[in-house]
Amino acid sequence: MTRASATLIGFSAILMWSLLAVFTAASGTVPPFQLAAMTFAIGGALGVVWIAAGGRWRELRQPLPVWLTGIAGLFGYHALYFTALRNARPVEAGLICYLWPLLIVLFSSLLPGERLRWYHIAGALLGLAGTVLIIGGRASATGFGGGNLLGYGSALAAAFTWAAYSVLSRRFAAVPTAVVAAFCLATALLSALCHMLFEITVWPQGGGQWLAILGLGALPVGAAFYVWDFGVKRGNIQVLGAASYVAPLLSTLILILAGFGQVTAALAVAALLISAGAVLASRDMLIRKRAAEPAATTA
């Protein structure tokens, strides 16, 4: 498994996360913590099947720091994200939360053997600019309100939490990805507890809403965490951080195709910025690929 291949596997998580908005919109009015408990239970169950099929039970024996990092990352991010949505306008909270790809690129310079280059920063900033056009444009009419400090603070904390989780996962590169299944099940349990304490149960109505929840649990709140863990541990984490800005772009396009929006000039410009940022941040990976081609031809 080459570093480039591991990076591509990690990028598949970004593609799955682009389905999060449309699946969530189709899941009805299930409260957020209940939705997290249901979907993480599905994602964790898929991991258990994979573990059982490969006889990987011993891989779940990990030191306490690994468990604390995984559970804090998955549950902590979603708890903070849901708090942000409850205490601030969703569009603005989403804009702040999507600072995490830029933070991943910057935090990755602290990892052993990693160097932060100008094109990583430039690519991340281009992606951030494109995301501002996609998400922030819809809030331009009202601007950022001043009475939602708890929501904005929670959104910022969520961005730092997911970036820290992703970078710290690289520190535990020797830890098998199978342990993510246990992280998902623990997150489901904690989410269920929060649901019982703070929410009223609302079950999905009709087969379409149930299918949307199954889709959430299988892909953006399931398989995506496994391939992301593999990618950040064995791939180019700086490229993955910058390329993560593709998620809000694809999410917006999918919502448009599903009839929840329309194409605008801002979206077209955002597409160019995000694409350019992803290519720029991937510069070192492309250089390595070209350097390997003559050797492969000679062989």
# chains A, B, ... in the order shown; residues from 1 in each chain; ligands from 1

call {"tool": "residues_around", "arguments": {"residues": "segment 222-227 of chain A", "least_positions_apart": "3", "cutoff": "9 Å", "atoms": "only C-alpha atoms", "output": "PyMOL selection string"}}
result
chain A and resi 6+9-17+39-47+74+177-178+180-181+184+215-219+230-232

call {"tool": "write_last_selection", "arguments": {"atoms": "N, CA and C atoms", "output": "mmCIF file, in the first residue's frame"}}
result
data_model
loop_
_atom_site.group_PDB
_atom_site.id
_atom_site.type_symbol
_atom_site.label_atom_id
_atom_site.label_comp_id
_atom_site.auth_asym_id
_atom_site.auth_seq_id
_atom_site.Cartn_x
_atom_site.Cartn_y
_atom_site.Cartn_z
ATOM 1 N N ALA A 6 -3.154 5.176 -0.023
ATOM 2 C CA ALA A 6 -3.788 5.409 1.271
ATOM 3 C C ALA A 6 -4.484 6.766 1.300
ATOM 4 N N ILE A 9 -7.754 6.407 -0.498
ATOM 5 C CA ILE A 9 -8.723 5.723 0.361
ATOM 6 C C ILE A 9 -9.297 6.707 1.373
ATOM 7 N N GLY A 10 -8.446 7.531 1.964
ATOM 8 C CA GLY A 10 -8.934 8.547 2.893
ATOM 9 C C GLY A 10 -9.847 9.546 2.217
ATOM 10 N N PHE A 11 -9.563 9.862 0.949
ATOM 11 C CA PHE A 11 -10.391 10.821 0.220
ATOM 12 C C PHE A 11 -11.803 10.284 0.005
ATOM 13 N N SER A 12 -11.971 8.962 -0.039
ATOM 14 C CA SER A 12 -13.318 8.408 -0.200
ATOM 15 C C SER A 12 -14.225 8.788 0.963
ATOM 16 N N ALA A 13 -13.633 9.059 2.138
ATOM 17 C CA ALA A 13 -14.434 9.523 3.277
ATOM 18 C C ALA A 13 -15.039 10.885 2.968
ATOM 19 N N ILE A 14 -14.266 11.738 2.303
ATOM 20 C CA ILE A 14 -14.761 13.070 1.948
ATOM 21 C C ILE A 14 -15.947 12.947 0.999
ATOM 22 N N LEU A 15 -15.869 12.009 0.063
ATOM 23 C CA LEU A 15 -16.978 11.785 -0.862
ATOM 24 C C LEU A 15 -18.226 11.326 -0.109
ATOM 25 N N MET A 16 -18.040 10.452 0.867
ATOM 26 C CA MET A 16 -19.194 9.970 1.643
ATOM 27 C C MET A 16 -19.767 11.075 2.517
ATOM 28 N N TRP A 17 -18.905 11.919 3.082
ATOM 29 C CA TRP A 17 -19.405 13.024 3.917
ATOM 30 C C TRP A 17 -20.209 14.030 3.100
ATOM 31 N N THR A 39 -27.445 6.258 14.024
ATOM 32 C CA THR A 39 -26.519 6.105 12.904
ATOM 33 C C THR A 39 -25.161 5.562 13.342
ATOM 34 N N PHE A 40 -24.670 5.994 14.507
ATOM 35 C CA PHE A 40 -23.399 5.457 14.981
ATOM 36 C C PHE A 40 -23.539 3.986 15.385
ATOM 37 N N ALA A 41 -24.723 3.585 15.836
ATOM 38 C CA ALA A 41 -24.950 2.175 16.131
ATOM 39 C C ALA A 41 -24.848 1.345 14.849
ATOM 40 N N ILE A 42 -25.386 1.872 13.757
ATOM 41 C CA ILE A 42 -25.293 1.177 12.472
ATOM 42 C C ILE A 42 -23.838 1.111 12.016
ATOM 43 N N GLY A 43 -23.146 2.252 12.081
ATOM 44 C CA GLY A 43 -21.742 2.278 11.674
ATOM 45 C C GLY A 43 -20.881 1.353 12.519
ATOM 46 N N GLY A 44 -21.137 1.325 13.828
ATOM 47 C CA GLY A 44 -20.392 0.430 14.701
ATOM 48 C C GLY A 44 -20.692 -1.027 14.420
ATOM 49 N N ALA A 45 -21.966 -1.337 14.117
ATOM 50 C CA ALA A 45 -22.347 -2.713 13.807
ATOM 51 C C ALA A 45 -21.643 -3.211 12.550
ATOM 52 N N LEU A 46 -21.519 -2.351 11.550
ATOM 53 C CA LEU A 46 -20.794 -2.732 10.335
ATOM 54 C C LEU A 46 -19.342 -3.074 10.664
ATOM 55 N N GLY A 47 -18.740 -2.290 11.557
ATOM 56 C CA GLY A 47 -17.372 -2.563 11.960
ATOM 57 C C GLY A 47 -17.247 -3.871 12.708
ATOM 58 N N LEU A 74 -14.877 11.445 18.052
ATOM 59 C CA LEU A 74 -16.172 11.179 17.416
ATOM 60 C C LEU A 74 -17.327 11.785 18.204
ATOM 61 N N THR A 177 -7.224 0.014 12.315
ATOM 62 C CA THR A 177 -8.458 0.750 12.051
ATOM 63 C C THR A 177 -9.670 0.054 12.650
ATOM 64 N N ALA A 178 -9.558 -1.240 12.944
ATOM 65 C CA ALA A 178 -10.692 -1.985 13.497
ATOM 66 C C ALA A 178 -11.218 -1.364 14.787
ATOM 67 N N VAL A 180 -11.891 1.573 15.395
ATOM 68 C CA VAL A 180 -12.877 2.620 15.128
ATOM 69 C C VAL A 180 -14.295 2.108 15.359
ATOM 70 N N ALA A 181 -14.509 0.818 15.151
ATOM 71 C CA ALA A 181 -15.842 0.239 15.405
ATOM 72 C C ALA A 181 -16.240 0.441 16.863
ATOM 73 N N CYS A 184 -17.207 4.018 17.460
ATOM 74 C CA CYS A 184 -18.564 4.302 16.982
ATOM 75 C C CYS A 184 -19.612 3.811 17.976
ATOM 76 N N GLY A 215 -28.721 4.886 5.240
ATOM 77 C CA GLY A 215 -27.659 5.443 4.403
ATOM 78 C C GLY A 215 -26.658 6.244 5.210
ATOM 79 N N LEU A 216 -27.148 7.032 6.164
ATOM 80 C CA LEU A 216 -26.258 7.795 7.041
ATOM 81 C C LEU A 216 -25.336 6.872 7.829
ATOM 82 N N GLY A 217 -25.921 5.838 8.433
ATOM 83 C CA GLY A 217 -25.131 4.926 9.251
ATOM 84 C C GLY A 217 -24.142 4.100 8.451
ATOM 85 N N ALA A 218 -24.499 3.783 7.211
ATOM 86 C CA ALA A 218 -23.617 2.942 6.396
ATOM 87 C C ALA A 218 -22.465 3.727 5.780
ATOM 88 N N LEU A 219 -22.710 5.003 5.433
ATOM 89 C CA LEU A 219 -21.695 5.760 4.685
ATOM 90 C C LEU A 219 -21.101 6.923 5.484
ATOM 91 N N PHE A 230 -7.789 5.223 8.197
ATOM 92 C CA PHE A 230 -6.728 4.605 7.411
ATOM 93 C C PHE A 230 -5.943 5.666 6.643
ATOM 94 N N GLY A 231 -6.665 6.637 6.070
ATOM 95 C CA GLY A 231 -6.017 7.659 5.259
ATOM 96 C C GLY A 231 -5.111 8.574 6.059
ATOM 97 N N VAL A 232 -5.597 9.053 7.224
ATOM 98 C CA VAL A 232 -4.784 9.999 7.998
ATOM 99 C C VAL A 232 -3.587 9.313 8.647
#

call {"tool": "residues_around", "arguments": {"residues": "Phe33 of chain A", "least_positions_apart": "6", "cutoff": "7 Å", "atoms": "only C-alpha atoms", "output": "compact mmCIF listing (two decimals) with C-alpha atoms, in the first residue's frame"}}
result
# COMPACT_ATOMS: atom_id res chain seq x y z
CA SER A 191 -25.42 9.91 22.27
CA ALA A 192 -28.27 7.70 23.48
CA CYS A 194 -27.69 12.52 25.96
CA HIS A 195 -30.89 11.86 24.02

call {"tool": "closest_residue", "arguments": {"among": "A:Trp100, A:Phe160, A:Tyr77, A:Phe172", "to": "Gly127 of chain A", "atoms": "only C-alpha atoms"}}
result
A:Trp100

call {"tool": "residues_around", "arguments": {"residues": "Thr252 of chain A", "least_positions_apart": "2", "cutoff": "12 Å", "atoms": "only C-alpha atoms", "output": "tab-separated table (two decimals) with C-alpha atoms, in the first residue's frame"}}
result
chain	number	residue	atom	x	y	z
A	17	TRP	CA	-19.41	13.02	3.92
A	18	SER	CA	-20.78	14.97	0.95
A	19	LEU	CA	-23.94	12.83	1.29
A	20	LEU	CA	-24.45	13.88	4.92
A	21	ALA	CA	-26.65	16.90	4.21
A	22	VAL	CA	-29.02	15.23	1.73
A	130	GLY	CA	-14.55	28.56	-1.74
A	131	THR	CA	-16.37	27.27	1.33
A	133	LEU	CA	-18.74	31.48	-0.90
A	134	ILE	CA	-20.86	28.32	-0.66
A	135	ILE	CA	-21.95	28.51	2.98
A	138	ARG	CA	-26.42	32.26	2.19
A	245	TYR	CA	-13.06	21.34	1.26
A	246	VAL	CA	-14.46	19.28	-1.62
A	247	ALA	CA	-17.11	17.96	0.81
A	248	PRO	CA	-19.18	21.18	1.13
A	249	LEU	CA	-18.92	21.70	-2.63
A	250	LEU	CA	-20.15	18.20	-3.48
A	254	ILE	CA	-26.01	16.99	-4.51
A	255	LEU	CA	-28.59	19.16	-2.74
A	256	ILE	CA	-29.12	21.08	-6.01
A	257	LEU	CA	-29.60	17.83	-7.94
A	258	ALA	CA	-32.06	16.70	-5.29
A	259	GLY	CA	-34.06	19.90	-5.75
A	260	PHE	CA	-32.99	21.77	-2.63
A	261	GLY	CA	-31.22	24.65	-4.41
A	262	GLN	CA	-30.03	26.11	-7.71
A	263	VAL	CA	-26.76	26.85	-9.50
A	264	THR	CA	-25.37	30.35	-8.89
A	266	ALA	CA	-20.94	32.09	-6.47
A	267	LEU	CA	-21.13	28.29	-6.65
A	268	ALA	CA	-19.23	28.25	-9.97
A	270	ALA	CA	-16.35	28.31	-5.40
A	271	ALA	CA	-15.91	25.19	-7.53

call {"tool": "atom_distance", "arguments": {"atom1": "atom CA of Arg115 of chain A", "atom2": "atom CA of Leu8 of chain A"}}
result
20.1 Å

call {"tool": "closest_residue", "arguments": {"among": "A:Ala36, A:Val239, A:Ala72, A:Val269", "to": "Ile121 of chain A", "atoms": "only C-alpha atoms"}}
result
A:Val239

call {"tool": "decode", "arguments": {"residues": "segment 63-79 of chain A", "atoms": "all heavy atoms", "output": "PDB file, in the first residue's frame"}}
result
ATOM      1  N   PRO A  63      -4.317   0.843  24.519  1.00  0.00           N
ATOM      2  CA  PRO A  63      -4.105   1.640  25.740  1.00  0.00           C
ATOM      3  C   PRO A  63      -5.142   2.745  25.882  1.00  0.00           C
ATOM      4  O   PRO A  63      -5.795   3.140  24.911  1.00  0.00           O
ATOM      5  CB  PRO A  63      -2.696   2.201  25.555  1.00  0.00           C
ATOM      6  CG  PRO A  63      -2.439   2.134  24.086  1.00  0.00           C
ATOM      7  CD  PRO A  63      -3.187   0.946  23.580  1.00  0.00           C
ATOM      8  N   LEU A  64      -5.254   3.237  27.101  1.00  0.00           N
ATOM      9  CA  LEU A  64      -6.262   4.250  27.417  1.00  0.00           C
ATOM     10  C   LEU A  64      -6.166   5.497  26.538  1.00  0.00           C
ATOM     11  O   LEU A  64      -7.206   6.023  26.104  1.00  0.00           O
ATOM     12  CB  LEU A  64      -6.157   4.629  28.897  1.00  0.00           C
ATOM     13  CG  LEU A  64      -7.191   5.644  29.408  1.00  0.00           C
ATOM     14  CD1 LEU A  64      -8.597   5.101  29.238  1.00  0.00           C
ATOM     15  CD2 LEU A  64      -6.916   5.982  30.877  1.00  0.00           C
ATOM     16  N   PRO A  65      -4.975   6.038  26.225  1.00  0.00           N
ATOM     17  CA  PRO A  65      -4.919   7.240  25.369  1.00  0.00           C
ATOM     18  C   PRO A  65      -5.580   7.047  24.011  1.00  0.00           C
ATOM     19  O   PRO A  65      -6.167   7.989  23.469  1.00  0.00           O
ATOM     20  CB  PRO A  65      -3.412   7.497  25.233  1.00  0.00           C
ATOM     21  CG  PRO A  65      -2.820   6.907  26.462  1.00  0.00           C
ATOM     22  CD  PRO A  65      -3.633   5.691  26.751  1.00  0.00           C
ATOM     23  N   VAL A  66      -5.499   5.843  23.469  1.00  0.00           N
ATOM     24  CA  VAL A  66      -6.141   5.578  22.176  1.00  0.00           C
ATOM     25  C   VAL A  66      -7.656   5.680  22.308  1.00  0.00           C
ATOM     26  O   VAL A  66      -8.329   6.300  21.480  1.00  0.00           O
ATOM     27  CB  VAL A  66      -5.738   4.180  21.654  1.00  0.00           C
ATOM     28  CG1 VAL A  66      -6.546   3.825  20.401  1.00  0.00           C
ATOM     29  CG2 VAL A  66      -4.251   4.139  21.357  1.00  0.00           C
ATOM     30  N   TRP A  67      -8.200   5.088  23.371  1.00  0.00           N
ATOM     31  CA  TRP A  67      -9.645   5.143  23.597  1.00  0.00           C
ATOM     32  C   TRP A  67     -10.121   6.567  23.846  1.00  0.00           C
ATOM     33  O   TRP A  67     -11.152   6.991  23.309  1.00  0.00           O
ATOM     34  CB  TRP A  67     -10.021   4.253  24.781  1.00  0.00           C
ATOM     35  CG  TRP A  67      -9.915   2.794  24.469  1.00  0.00           C
ATOM     36  CD1 TRP A  67      -8.882   1.956  24.758  1.00  0.00           C
ATOM     37  CD2 TRP A  67     -10.876   2.003  23.767  1.00  0.00           C
ATOM     38  NE1 TRP A  67      -9.134   0.700  24.290  1.00  0.00           N
ATOM     39  CE2 TRP A  67     -10.359   0.695  23.687  1.00  0.00           C
ATOM     40  CE3 TRP A  67     -12.123   2.271  23.214  1.00  0.00           C
ATOM     41  CZ2 TRP A  67     -11.049  -0.341  23.061  1.00  0.00           C
ATOM     42  CZ3 TRP A  67     -12.823   1.237  22.597  1.00  0.00           C
ATOM     43  CH2 TRP A  67     -12.287  -0.037  22.524  1.00  0.00           C
ATOM     44  N   LEU A  68      -9.369   7.305  24.650  1.00  0.00           N
ATOM     45  CA  LEU A  68      -9.759   8.682  24.946  1.00  0.00           C
ATOM     46  C   LEU A  68      -9.744   9.538  23.685  1.00  0.00           C
ATOM     47  O   LEU A  68     -10.660  10.347  23.466  1.00  0.00           O
ATOM     48  CB  LEU A  68      -8.825   9.268  26.004  1.00  0.00           C
ATOM     49  CG  LEU A  68      -8.924   8.662  27.405  1.00  0.00           C
ATOM     50  CD1 LEU A  68      -7.888   9.301  28.334  1.00  0.00           C
ATOM     51  CD2 LEU A  68     -10.321   8.832  27.979  1.00  0.00           C
ATOM     52  N   THR A  69      -8.743   9.353  22.841  1.00  0.00           N
ATOM     53  CA  THR A  69      -8.647  10.138  21.604  1.00  0.00           C
ATOM     54  C   THR A  69      -9.795   9.815  20.667  1.00  0.00           C
ATOM     55  O   THR A  69     -10.443  10.720  20.116  1.00  0.00           O
ATOM     56  CB  THR A  69      -7.308   9.861  20.902  1.00  0.00           C
ATOM     57  OG1 THR A  69      -6.232  10.237  21.769  1.00  0.00           O
ATOM     58  CG2 THR A  69      -7.213  10.662  19.604  1.00  0.00           C
ATOM     59  N   GLY A  70     -10.074   8.523  20.464  1.00  0.00           N
ATOM     60  CA  GLY A  70     -11.122   8.117  19.530  1.00  0.00           C
ATOM     61  C   GLY A  70     -12.511   8.540  19.965  1.00  0.00           C
ATOM     62  O   GLY A  70     -13.281   9.108  19.173  1.00  0.00           O
ATOM     63  N   ILE A  71     -12.846   8.297  21.231  1.00  0.00           N
ATOM     64  CA  ILE A  71     -14.187   8.631  21.721  1.00  0.00           C
ATOM     65  C   ILE A  71     -14.371  10.140  21.804  1.00  0.00           C
ATOM     66  O   ILE A  71     -15.423  10.683  21.439  1.00  0.00           O
ATOM     67  CB  ILE A  71     -14.440   7.962  23.083  1.00  0.00           C
ATOM     68  CG1 ILE A  71     -14.434   6.431  22.916  1.00  0.00           C
ATOM     69  CG2 ILE A  71     -15.763   8.420  23.679  1.00  0.00           C
ATOM     70  CD1 ILE A  71     -14.527   5.672  24.225  1.00  0.00           C
ATOM     71  N   ALA A  72     -13.330  10.841  22.282  1.00  0.00           N
ATOM     72  CA  ALA A  72     -13.424  12.303  22.356  1.00  0.00           C
ATOM     73  C   ALA A  72     -13.568  12.898  20.965  1.00  0.00           C
ATOM     74  O   ALA A  72     -14.297  13.877  20.770  1.00  0.00           O
ATOM     75  CB  ALA A  72     -12.197  12.876  23.056  1.00  0.00           C
ATOM     76  N   GLY A  73     -12.887  12.303  19.981  1.00  0.00           N
ATOM     77  CA  GLY A  73     -12.967  12.824  18.625  1.00  0.00           C
ATOM     78  C   GLY A  73     -14.347  12.653  18.017  1.00  0.00           C
ATOM     79  O   GLY A  73     -14.947  13.625  17.532  1.00  0.00           O
ATOM     80  N   LEU A  74     -14.877  11.445  18.052  1.00  0.00           N
ATOM     81  CA  LEU A  74     -16.172  11.179  17.416  1.00  0.00           C
ATOM     82  C   LEU A  74     -17.327  11.785  18.204  1.00  0.00           C
ATOM     83  O   LEU A  74     -18.152  12.525  17.661  1.00  0.00           O
ATOM     84  CB  LEU A  74     -16.376   9.674  17.237  1.00  0.00           C
ATOM     85  CG  LEU A  74     -15.425   8.963  16.284  1.00  0.00           C
ATOM     86  CD1 LEU A  74     -15.849   7.514  16.075  1.00  0.00           C
ATOM     87  CD2 LEU A  74     -15.341   9.676  14.947  1.00  0.00           C
ATOM     88  N   PHE A  75     -17.401  11.465  19.494  1.00  0.00           N
ATOM     89  CA  PHE A  75     -18.514  11.989  20.288  1.00  0.00           C
ATOM     90  C   PHE A  75     -18.354  13.473  20.570  1.00  0.00           C
ATOM     91  O   PHE A  75     -19.324  14.245  20.470  1.00  0.00           O
ATOM     92  CB  PHE A  75     -18.637  11.231  21.609  1.00  0.00           C
ATOM     93  CG  PHE A  75     -19.706  11.804  22.512  1.00  0.00           C
ATOM     94  CD1 PHE A  75     -21.041  11.597  22.235  1.00  0.00           C
ATOM     95  CD2 PHE A  75     -19.362  12.577  23.612  1.00  0.00           C
ATOM     96  CE1 PHE A  75     -22.033  12.137  23.048  1.00  0.00           C
ATOM     97  CE2 PHE A  75     -20.341  13.115  24.427  1.00  0.00           C
ATOM     98  CZ  PHE A  75     -21.680  12.895  24.148  1.00  0.00           C
ATOM     99  N   GLY A  76     -17.131  13.892  20.899  1.00  0.00           N
ATOM    100  CA  GLY A  76     -16.915  15.296  21.231  1.00  0.00           C
ATOM    101  C   GLY A  76     -17.257  16.213  20.080  1.00  0.00           C
ATOM    102  O   GLY A  76     -17.927  17.239  20.270  1.00  0.00           O
ATOM    103  N   TYR A  77     -16.818  15.853  18.884  1.00  0.00           N
ATOM    104  CA  TYR A  77     -17.116  16.697  17.728  1.00  0.00           C
ATOM    105  C   TYR A  77     -18.617  16.809  17.510  1.00  0.00           C
ATOM    106  O   TYR A  77     -19.143  17.914  17.313  1.00  0.00           O
ATOM    107  CB  TYR A  77     -16.452  16.147  16.467  1.00  0.00           C
ATOM    108  CG  TYR A  77     -16.921  16.848  15.209  1.00  0.00           C
ATOM    109  CD1 TYR A  77     -16.416  18.095  14.872  1.00  0.00           C
ATOM    110  CD2 TYR A  77     -17.895  16.288  14.388  1.00  0.00           C
ATOM    111  CE1 TYR A  77     -16.855  18.764  13.734  1.00  0.00           C
ATOM    112  CE2 TYR A  77     -18.341  16.940  13.256  1.00  0.00           C
ATOM    113  CZ  TYR A  77     -17.819  18.176  12.928  1.00  0.00           C
ATOM    114  OH  TYR A  77     -18.275  18.833  11.816  1.00  0.00           O
ATOM    115  N   HIS A  78     -19.321  15.677  17.528  1.00  0.00           N
ATOM    116  CA  HIS A  78     -20.748  15.725  17.227  1.00  0.00           C
ATOM    117  C   HIS A  78     -21.544  16.410  18.338  1.00  0.00           C
ATOM    118  O   HIS A  78     -22.527  17.112  18.065  1.00  0.00           O
ATOM    119  CB  HIS A  78     -21.268  14.311  16.972  1.00  0.00           C
ATOM    120  CG  HIS A  78     -20.800  13.745  15.656  1.00  0.00           C
ATOM    121  ND1 HIS A  78     -19.596  13.113  15.521  1.00  0.00           N
ATOM    122  CD2 HIS A  78     -21.368  13.764  14.423  1.00  0.00           C
ATOM    123  CE1 HIS A  78     -19.438  12.746  14.253  1.00  0.00           C
ATOM    124  NE2 HIS A  78     -20.498  13.129  13.571  1.00  0.00           N
ATOM    125  N   ALA A  79     -21.135  16.227  19.592  1.00  0.00           N
ATOM    126  CA  ALA A  79     -21.820  16.925  20.682  1.00  0.00           C
ATOM    127  C   ALA A  79     -21.663  18.433  20.531  1.00  0.00           C
ATOM    128  O   ALA A  79     -22.628  19.195  20.691  1.00  0.00           O
ATOM    129  CB  ALA A  79     -21.272  16.448  22.025  1.00  0.00           C
TER     130      ALA A  79
END
